[in-house]
Amino acid sequence: MIYDKKLYDALDIIEKKYQELLKKSEELDLPFSQLKEIKKQIKTSQLISEKFNIYKNVIQNTNDAEKLIETEKKNSDMYELAQLELQDGKEKIEKLEIELKILLIPVDPNDEKNITIEMRPAAGGDEASIFVSDLFETYKAFASLQGWTVDIIEISTNAFGYDYIYFNVVGKNVYSKMKYESGVHRVQRVPETESKGRVHTSTITVAVMPEVNELELNIKPDDLIVEVCRASGAGGQHVNRTNSAVRIVHIPTGIAAACSNERSQLMNKDKAMKLLYSKIWSKMKNERDNEISSARKNQVGTGDRSEKIRTYNYPQNRITDHRIGLTINNLEKIMQGYLDEIIENLISDEQSKKISSLGI
């Protein structure tokens, strides 16, 4: 019988450990903290165990079919049924092995988190500012299709588009899908201000940061400077009367974050703190990534903002993700928020690379 014995042995070890955890969880005198950790490990292993048992049954059935083929005459009904069972079993085993390898991939601890996104124009002047606002609308539409909510933290506009924008996205498994958007996005199109119809190339940067807190980063209150000032922009009499805008500076890194969107100073402070933590996390991650070998930088999800990840070619209605060589000739639909095809391909590519690194 053809099956991946190395994978089978690895899964068998996990299954035995899973059964031990189930027995351990039934002990009555376990401390709460230990029981909580055991339950967490059980949850992680449960799906692997269930899939492994299906895998074992398919292997057994396929082995039985092979034995029948060896003993039955070629022209008998049992022989033909065994041949069908054998073929079906081989296909199921191949599919299950792929699914099991994916389950063995270590889970990104940030995948279930909400996110903060920072978007800024890079090269291209006014056209880059316009594209920041265009791509923000794409993300907002995609979030709506996913059932997520978008909340703007801080924004600076100009006559054409956005100088920058920070916003939160809240929902189920947001980071797991949106993390692939980090990087440099290039747009090729004819600007509205271009009288000769020439195609211009502009770029913007996108940084996707998971929501983190002070406990994860071990930030000390003494390392923070909190400044309160009057909000600028729209807001009527409220802006003139109330010091509601909040700016927070992290002294060791010099990183600052501000929020003035809310009417309440406490709400602005809360949003500014969340943004600050995300910025610090991003800085720490970039520093770690820079220490990793150049081979690692070619992998999806490094968050390296100097990397050109995607090109949006408007004249040819084409979008290309350079990390995986994916080209789709339906840019108009994608800009309406239908990013699923791109993201699903990026997830599949990352899974393939991680499976290869498992050595199974």
# chains A, B, ... in the order shown; residues from 1 in each chain; ligands from 1
call {"tool": "closest_atom_pairs", "arguments": {"of": "range 137-242 of chain A", "to": "range 313-337 of chain A", "cutoff": "7 Å", "atoms": "only C-alpha atoms", "output": "tab-separated table"}}
result
residue	atom	partner	partner_atom	distance
A:Thr138	CA	A:Gly337	CA	4.7
A:Tyr139	CA	A:Gly337	CA	6.2
A:Ala141	CA	A:Gly337	CA	4.7
A:Phe142	CA	A:Gly337	CA	4.1
A:Val187	CA	A:Asn313	CA	6.1
A:Gln188	CA	A:Asn313	CA	4.8
A:Arg189	CA	A:Tyr314	CA	5.2
call {"tool": "write_last_selection", "arguments": {"atoms": "N, CA and C atoms", "output": "tab-separated table (two decimals), in the first residue's frame"}}
result
chain	number	residue	atom	x	y	z
A	138	THR	N	-11.42	49.90	-1.59
A	138	THR	CA	-11.40	48.47	-1.91
A	138	THR	C	-11.39	47.64	-0.63
A	139	TYR	N	-10.51	48.02	0.30
A	139	TYR	CA	-10.43	47.29	1.57
A	139	TYR	C	-11.74	47.40	2.36
A	141	ALA	N	-14.72	47.77	1.11
A	141	ALA	CA	-15.71	46.91	0.45
A	141	ALA	C	-15.45	45.44	0.75
A	142	PHE	N	-14.17	45.04	0.75
A	142	PHE	CA	-13.81	43.66	1.07
A	142	PHE	C	-14.21	43.32	2.50
A	187	VAL	N	0.61	51.32	-8.98
A	187	VAL	CA	-0.53	51.55	-9.86
A	187	VAL	C	-0.06	52.19	-11.16
A	188	GLN	N	-0.58	51.69	-12.27
A	188	GLN	CA	-0.26	52.24	-13.60
A	188	GLN	C	-1.57	52.66	-14.26
A	189	ARG	N	-1.73	53.96	-14.50
A	189	ARG	CA	-2.94	54.46	-15.14
A	189	ARG	C	-2.73	55.89	-15.61
call {"tool": "closest_residue", "arguments": {"among": "A:Lys269, A:Pro109, A:Ser129, A:Leu224", "to": "His250 in chain A", "atoms": "only C-alpha atoms"}}
result
A:Leu224
call {"tool": "closest_residue", "arguments": {"among": "A:Ser76, A:Gln87, A:Ser33, A:Ser264", "to": "Ile2 in chain A", "atoms": "only C-alpha atoms"}}
result
A:Gln87
call {"tool": "atom_distance", "arguments": {"atom1": "CA of Glu27 in chain A", "atom2": "CA of Asp12 in chain A"}}
result
23.8 Å
